[in-house]
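Undergrad: I'm passing along final_26.csv; it holds CSV, C-alpha atoms.
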chain,number,residue,atom,x,y,z
U,25,MET,CA,148.3,79.4,138.9
U,26,LEU,CA,145.4,77.1,139.0
U,27,PRO,CA,143.3,76.8,142.1
U,28,VAL,CA,142.7,73.1,141.3
U,29,THR,CA,144.7,70.1,140.3
U,30,LEU,CA,143.9,68.8,136.9
U,31,ASN,CA,143.4,65.0,136.4
U,32,ASN,CA,145.6,65.0,133.3
U,33,SER,CA,149.2,66.0,133.9
U,34,ALA,CA,149.7,66.2,130.2
U,35,THR,CA,148.0,69.6,129.6
U,36,LEU,CA,148.1,71.1,126.2
U,37,GLN,CA,150.7,73.6,125.2
U,38,PRO,CA,150.9,76.3,122.5
U,39,GLY,CA,152.4,74.8,119.3
U,40,GLN,CA,150.8,71.4,119.7
U,41,PRO,CA,148.1,70.2,117.3
U,42,ALA,CA,144.7,70.6,118.7
U,43,PRO,CA,143.0,67.2,119.5
U,44,ASP,CA,140.2,66.7,117.0
U,45,PHE,CA,136.6,66.2,118.2
U,46,ASP,CA,133.2,65.3,116.8
U,47,LEU,CA,130.5,66.4,119.2
U,48,PRO,CA,126.7,67.1,118.9
U,49,ASP,CA,125.6,70.7,119.3
U,50,ALA,CA,122.4,72.0,121.0
U,51,ASP,CA,120.4,71.0,117.9
U,52,MET,CA,122.0,67.5,117.9
U,53,LYS,CA,124.0,68.2,114.7
U,54,MET,CA,127.6,66.9,114.8
U,55,VAL,CA,130.4,69.5,114.8
U,56,SER,CA,134.0,68.6,114.1
U,57,LEU,CA,137.1,70.7,114.6
U,58,ASP,CA,138.1,69.5,111.2
U,59,LYS,CA,135.2,71.4,109.6
U,60,PHE,CA,136.9,74.7,110.5
U,61,ARG,CA,140.4,73.8,109.3
U,62,ASN,CA,141.8,76.2,106.7
U,63,ARG,CA,138.7,78.4,107.1
U,64,ARG,CA,138.4,79.7,110.7
U,65,ASN,CA,140.4,80.2,113.9
U,66,VAL,CA,138.6,78.4,116.7
U,67,VAL,CA,138.0,79.7,120.2
U,68,LEU,CA,137.2,76.5,122.1
U,69,TYR,CA,136.1,77.1,125.6
U,70,PHE,CA,135.2,74.5,128.2
U,71,TYR,CA,132.8,75.5,131.0
U,72,PRO,CA,131.5,73.6,134.1
U,73,LYS,CA,127.7,73.7,133.7
U,74,ASP,CA,124.8,75.3,131.7
U,75,ASP,CA,122.8,78.1,133.3
U,76,THR,CA,125.1,78.8,136.3
U,77,PRO,CA,126.1,82.4,137.0
U,78,GLY,CA,129.7,82.3,135.8
U,79,CYS,CA,128.9,80.1,132.8
U,80,THR,CA,126.0,82.3,131.8
U,81,ALA,CA,128.1,85.5,132.0
U,82,GLU,CA,130.9,83.9,129.9
U,83,ALA,CA,128.5,82.6,127.2
U,84,ILE,CA,126.6,86.0,127.0
U,85,GLU,CA,129.9,87.9,126.7
U,86,PHE,CA,131.1,85.6,123.9
U,87,SER,CA,127.8,85.9,122.1
U,88,GLU,CA,127.7,89.7,122.4
U,89,LYS,CA,131.1,89.9,120.7
U,90,GLU,CA,130.2,87.5,117.9
U,91,ASP,CA,130.8,90.2,115.2
U,92,ASP,CA,134.2,91.0,116.7
U,93,PHE,CA,135.2,87.3,116.5
U,94,GLY,CA,133.8,87.0,113.0
U,95,ALA,CA,135.9,90.0,111.9
U,96,LEU,CA,139.0,88.0,113.0
U,97,LYS,CA,137.8,85.0,111.1
U,98,ALA,CA,137.1,83.1,114.3
U,99,VAL,CA,134.3,81.0,115.6
U,100,VAL,CA,133.5,80.5,119.3
U,101,VAL,CA,132.5,77.0,120.5
U,102,GLY,CA,131.6,76.1,124.1
U,103,VAL,CA,131.9,72.6,125.5
U,104,SER,CA,130.5,71.2,128.7
U,105,MET,CA,129.5,67.7,129.9
U,106,ASP,CA,125.8,68.8,129.8
U,107,ASP,CA,123.6,67.1,127.2
U,108,CYS,CA,122.1,68.6,124.0
U,109,LEU,CA,118.7,69.3,125.6
U,110,SER,CA,120.4,71.2,128.4
U,111,HIS,CA,122.4,73.2,125.9
U,112,SER,CA,119.3,74.0,123.9
U,113,ALA,CA,117.4,75.3,126.9
U,114,PHE,CA,120.5,77.3,128.0
U,115,ARG,CA,121.0,78.8,124.5
U,116,ASP,CA,117.3,79.7,124.1
U,117,LYS,CA,116.8,81.1,127.6
U,118,HIS,CA,119.7,83.6,127.2
U,119,GLY,CA,119.6,84.2,123.5
U,120,LEU,CA,123.2,82.8,123.0
U,121,SER,CA,124.7,82.7,119.6
U,122,VAL,CA,127.8,80.7,120.5
U,123,GLN,CA,127.7,77.0,119.5
U,124,LEU,CA,127.4,74.7,122.5
U,125,LEU,CA,128.7,71.2,122.2
U,126,ALA,CA,127.8,68.2,124.4
U,127,ASP,CA,130.7,66.1,125.7
U,128,VAL,CA,128.5,64.0,128.1
U,129,GLU,CA,131.2,61.3,128.5
U,130,GLY,CA,134.0,63.8,129.0
U,131,GLU,CA,136.1,62.3,126.3
U,132,VAL,CA,137.1,65.6,124.6
U,133,CYS,CA,137.5,67.2,128.1
U,134,ARG,CA,140.0,64.6,128.9
U,135,ARG,CA,141.9,65.1,125.6
U,136,TYR,CA,142.2,68.8,126.4
U,137,GLY,CA,143.1,68.2,130.0
U,138,VAL,CA,140.3,70.2,131.6
U,139,LEU,CA,139.0,67.7,134.1
U,140,HIS,CA,139.6,67.8,137.9
U,141,ASP,CA,138.3,66.0,140.9
U,142,LYS,CA,136.3,67.9,143.4
U,143,GLU,CA,134.9,66.6,146.7
U,144,MET,CA,131.3,67.6,147.4
U,145,ASP,CA,129.3,66.3,150.4
U,146,GLY,CA,132.0,63.6,151.0
U,147,LYS,CA,131.8,62.3,147.4
U,148,LYS,CA,134.4,62.7,144.7
U,149,LYS,CA,133.0,64.3,141.5
U,150,THR,CA,134.8,65.0,138.2
U,151,CYS,CA,134.3,68.6,137.1
U,152,VAL,CA,135.4,70.8,134.2
U,153,VAL,CA,138.0,73.5,134.8
U,154,ARG,CA,136.9,76.7,133.0
U,155,SER,CA,139.5,76.8,130.2
U,156,THR,CA,140.0,78.3,126.7
U,157,PHE,CA,142.1,77.2,123.7
U,158,ILE,CA,142.7,79.4,120.7
U,159,ILE,CA,143.3,77.2,117.7
U,160,ASP,CA,144.5,78.6,114.4
U,161,ARG,CA,143.2,77.7,111.0
U,162,LYS,CA,145.8,75.0,110.6
U,163,GLY,CA,144.6,73.3,113.7
U,164,MET,CA,147.5,74.3,115.9
U,165,VAL,CA,147.0,75.4,119.5
U,166,LYS,CA,148.1,79.1,119.8
U,167,HIS,CA,147.0,80.0,123.3
U,168,VAL,CA,146.0,77.9,126.3
U,169,LEU,CA,144.2,79.4,129.3
U,170,TYR,CA,143.3,77.1,132.2
U,171,GLY,CA,141.3,78.2,135.2
U,172,VAL,CA,140.0,81.5,133.7
U,173,ASN,CA,137.7,84.1,135.2
U,174,PRO,CA,134.5,84.2,133.1
U,175,ARG,CA,133.9,87.9,133.5
U,176,GLY,CA,135.8,89.9,130.9
U,177,HIS,CA,137.2,86.7,129.4
U,178,ALA,CA,135.8,87.3,125.9
U,179,GLU,CA,137.6,90.6,125.6
U,180,GLU,CA,140.9,88.9,126.8
U,181,VAL,CA,140.4,86.3,124.1
U,182,LEU,CA,139.8,88.9,121.4
U,183,GLY,CA,143.1,90.5,122.3
U,184,LEU,CA,144.9,87.2,122.0
U,185,LEU,CA,143.2,86.4,118.7
U,186,LYS,CA,144.4,89.8,117.3
U,187,SER,CA,148.0,88.7,118.0
U,188,ILE,CA,147.7,85.7,115.7
U,189,GLY,CA,146.2,87.7,112.8
U,190,LYS,CA,143.5,86.9,110.3
Take the structure in this file and express it as structure tokens.

TA:
Amino acid sequence: MLPVTLNNSATLQPGQPAPDFDLPDADMKMVSLDKFRNRRNVVLYFYPKDDTPGCTAEAIEFSEKEDDFGALKAVVVGVSMDDCLSHSAFRDKHGLSVQLLADVEGEVCRRYGVLHDKEMDGKKKTCVVRSTFIIDRKGMVKHVLYGVNPRGHAEEVLGLLKSIGK
């Protein structure tokens, strides 16, 4: 059960086609979901903010297991609403190998249903719910995890990936 209410009541479900995206990475190179089609499974994870404790732990765990994901013909891609420069600094500071994509306007976050409203200091702010989508090589959503715990999450995702095969 989610501790927050998502803005989009139409959350993604397993068996649906994954919404396509075309976003810049930390080096300002465009990355499209389509580039992985028929080649790699995609672990697409959404996280709230670069260089915060939970987001850092999650990104480091995914990076440390890069070879395990590669053995399962999978690539790990992280998305937040931070910009490319923030992603670059975050990646370099922690030696991350996962690809980090900038969704500054939140367009892809909306398509994946990961935004929620949060009140801070009397002001409403739209935030990203930590969520992960496992997408097979055909572009279909196989697993959907909303409101995940960042610690130990990479291992959980590896287990789910093994269930869909290479």

Undergrad: What separation in Å, quoted to one decimal, exists between CA of Gln40 (chain U) and CA of Val165 (chain U)?

TA: 5.5 Å

Undergrad: Have a look at U:Val181, U:Asp51, U:Val128, U:Leu120 and name the one nearest to Ile159 (chain U); count all atoms listed in the file.

TA: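 The closest residue to Ile159 (chain U) is U:Val181.
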
Undergrad: Mind pulling up the distance from CA of Cys79 (chain U) to CA of Pro38 (chain U)?

TA: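 Atom-to-atom, CA of Pro38 (chain U) and CA of Cys79 (chain U) are spaced 24.6 Å apart.
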
Undergrad: At a cut-off of 7 Å, can you tabulate as JSON lines every residue of region 30-65 of chain U near region 99-113 of chain U together with its closest atom pair and the distance in Å to one decimal, using all atoms listed in the file and ordering rows by chain then number?

TA:
{"residue": "U:Asp49", "atom": "CA", "partner": "U:Cys108", "partner_atom": "CA", "distance": 6.2}
{"residue": "U:Ala50", "atom": "CA", "partner": "U:Cys108", "partner_atom": "CA", "distance": 4.5}
{"residue": "U:Asp51", "atom": "CA", "partner": "U:Cys108", "partner_atom": "CA", "distance": 6.8}
{"residue": "U:Met52", "atom": "CA", "partner": "U:Cys108", "partner_atom": "CA", "distance": 6.2}
{"residue": "U:Arg64", "atom": "CA", "partner": "U:Val99", "partner_atom": "CA", "distance": 6.5}
{"residue": "U:Asn65", "atom": "CA", "partner": "U:Val99", "partner_atom": "CA", "distance": 6.4}

Undergrad: As an exercise, work out the distance from CA of His167 (chain U) to CA of Gln37 (chain U) in Å and give it to one decimal place.

TA: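 Computing it gives 7.6 Å between the two atoms.
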
Undergrad: I'd like the contact shell of region 80-86 of chain U - 8 Å cut-off, only C-alpha atoms, skipping same-chain residues fewer than 4 positions apart - returned as a list of chain:residue names.

TA: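 Contacts, in chain order: U:Asp74, U:Asp75, U:Thr76, U:Glu90, U:Val100, U:Gly102, U:His118, U:Leu120, U:Val122, U:Pro174, U:Arg175, U:Gly176, U:His177, U:Ala178.
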
Undergrad: So that I have them on file, write out the residues from the current selection with C-alpha atoms, as a PDB file, in the coordinates of the input.

TA:
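Result file follows (again.pdb):
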ATOM      1  CA  ASP U  74     124.800  75.300 131.700  1.00  0.00           C
ATOM      2  CA  ASP U  75     122.800  78.100 133.300  1.00  0.00           C
ATOM      3  CA  THR U  76     125.100  78.800 136.300  1.00  0.00           C
ATOM      4  CA  GLU U  90     130.200  87.500 117.900  1.00  0.00           C
ATOM      5  CA  VAL U 100     133.500  80.500 119.300  1.00  0.00           C
ATOM      6  CA  GLY U 102     131.600  76.100 124.100  1.00  0.00           C
ATOM      7  CA  HIS U 118     119.700  83.600 127.200  1.00  0.00           C
ATOM      8  CA  LEU U 120     123.200  82.800 123.000  1.00  0.00           C
ATOM      9  CA  VAL U 122     127.800  80.700 120.500  1.00  0.00           C
ATOM     10  CA  PRO U 174     134.500  84.200 133.100  1.00  0.00           C
ATOM     11  CA  ARG U 175     133.900  87.900 133.500  1.00  0.00           C
ATOM     12  CA  GLY U 176     135.800  89.900 130.900  1.00  0.00           C
ATOM     13  CA  HIS U 177     137.200  86.700 129.400  1.00  0.00           C
ATOM     14  CA  ALA U 178     135.800  87.300 125.900  1.00  0.00           C
TER      15      ALA U 178
END

Undergrad: May I ask which of the residues U:Lys59, U:Arg115, U:Lys97, U:Lys53 is the closest one to Ile188 (chain U), counting all atoms listed in the file?

TA: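 Comparing U:Lys59, U:Arg115, U:Lys97, U:Lys53 against Ile188 (chain U), the winner is U:Lys97.
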
Undergrad: Just the residues within 9 Å of Arg135 (chain U), please, counting all atoms listed in the file, with nothing from its chain fewer than 4 positions along; format it as a PDB file with C-alpha atoms, in the frame of the given file.

TA:
ATOM      1  CA  ASN U  32     145.600  65.000 133.300  1.00  0.00           C
ATOM      2  CA  THR U  35     148.000  69.600 129.600  1.00  0.00           C
ATOM      3  CA  LEU U  36     148.100  71.100 126.200  1.00  0.00           C
ATOM      4  CA  PRO U  43     143.000  67.200 119.500  1.00  0.00           C
ATOM      5  CA  ASP U  44     140.200  66.700 117.000  1.00  0.00           C
ATOM      6  CA  GLY U 130     134.000  63.800 129.000  1.00  0.00           C
ATOM      7  CA  GLU U 131     136.100  62.300 126.300  1.00  0.00           C
TER       8      GLU U 131
END

Undergrad: So, with only C-alpha atoms as the atoms that count, which of U:Leu96, U:Met54, U:Leu124, U:Val152 lies closest to Gly137 (chain U)?

TA: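 Nearest to Gly137 (chain U): U:Val152.
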
Undergrad: Which residues are near Asp58 (chain U)? Cut-off 10 Å, all atoms listed in the file, ignore same chain within fewer than 2 positions. Put them as an MDAnalysis selection string.

TA: chainID U and resid 43:46 55:56 60:63 161:163

Undergrad: Smallest atom-to-atom distance to Arg154 (chain U): which of U:Gly119, U:Gly78, U:Pro41, U:Gly94, using only C-alpha atoms?

TA: U:Gly78
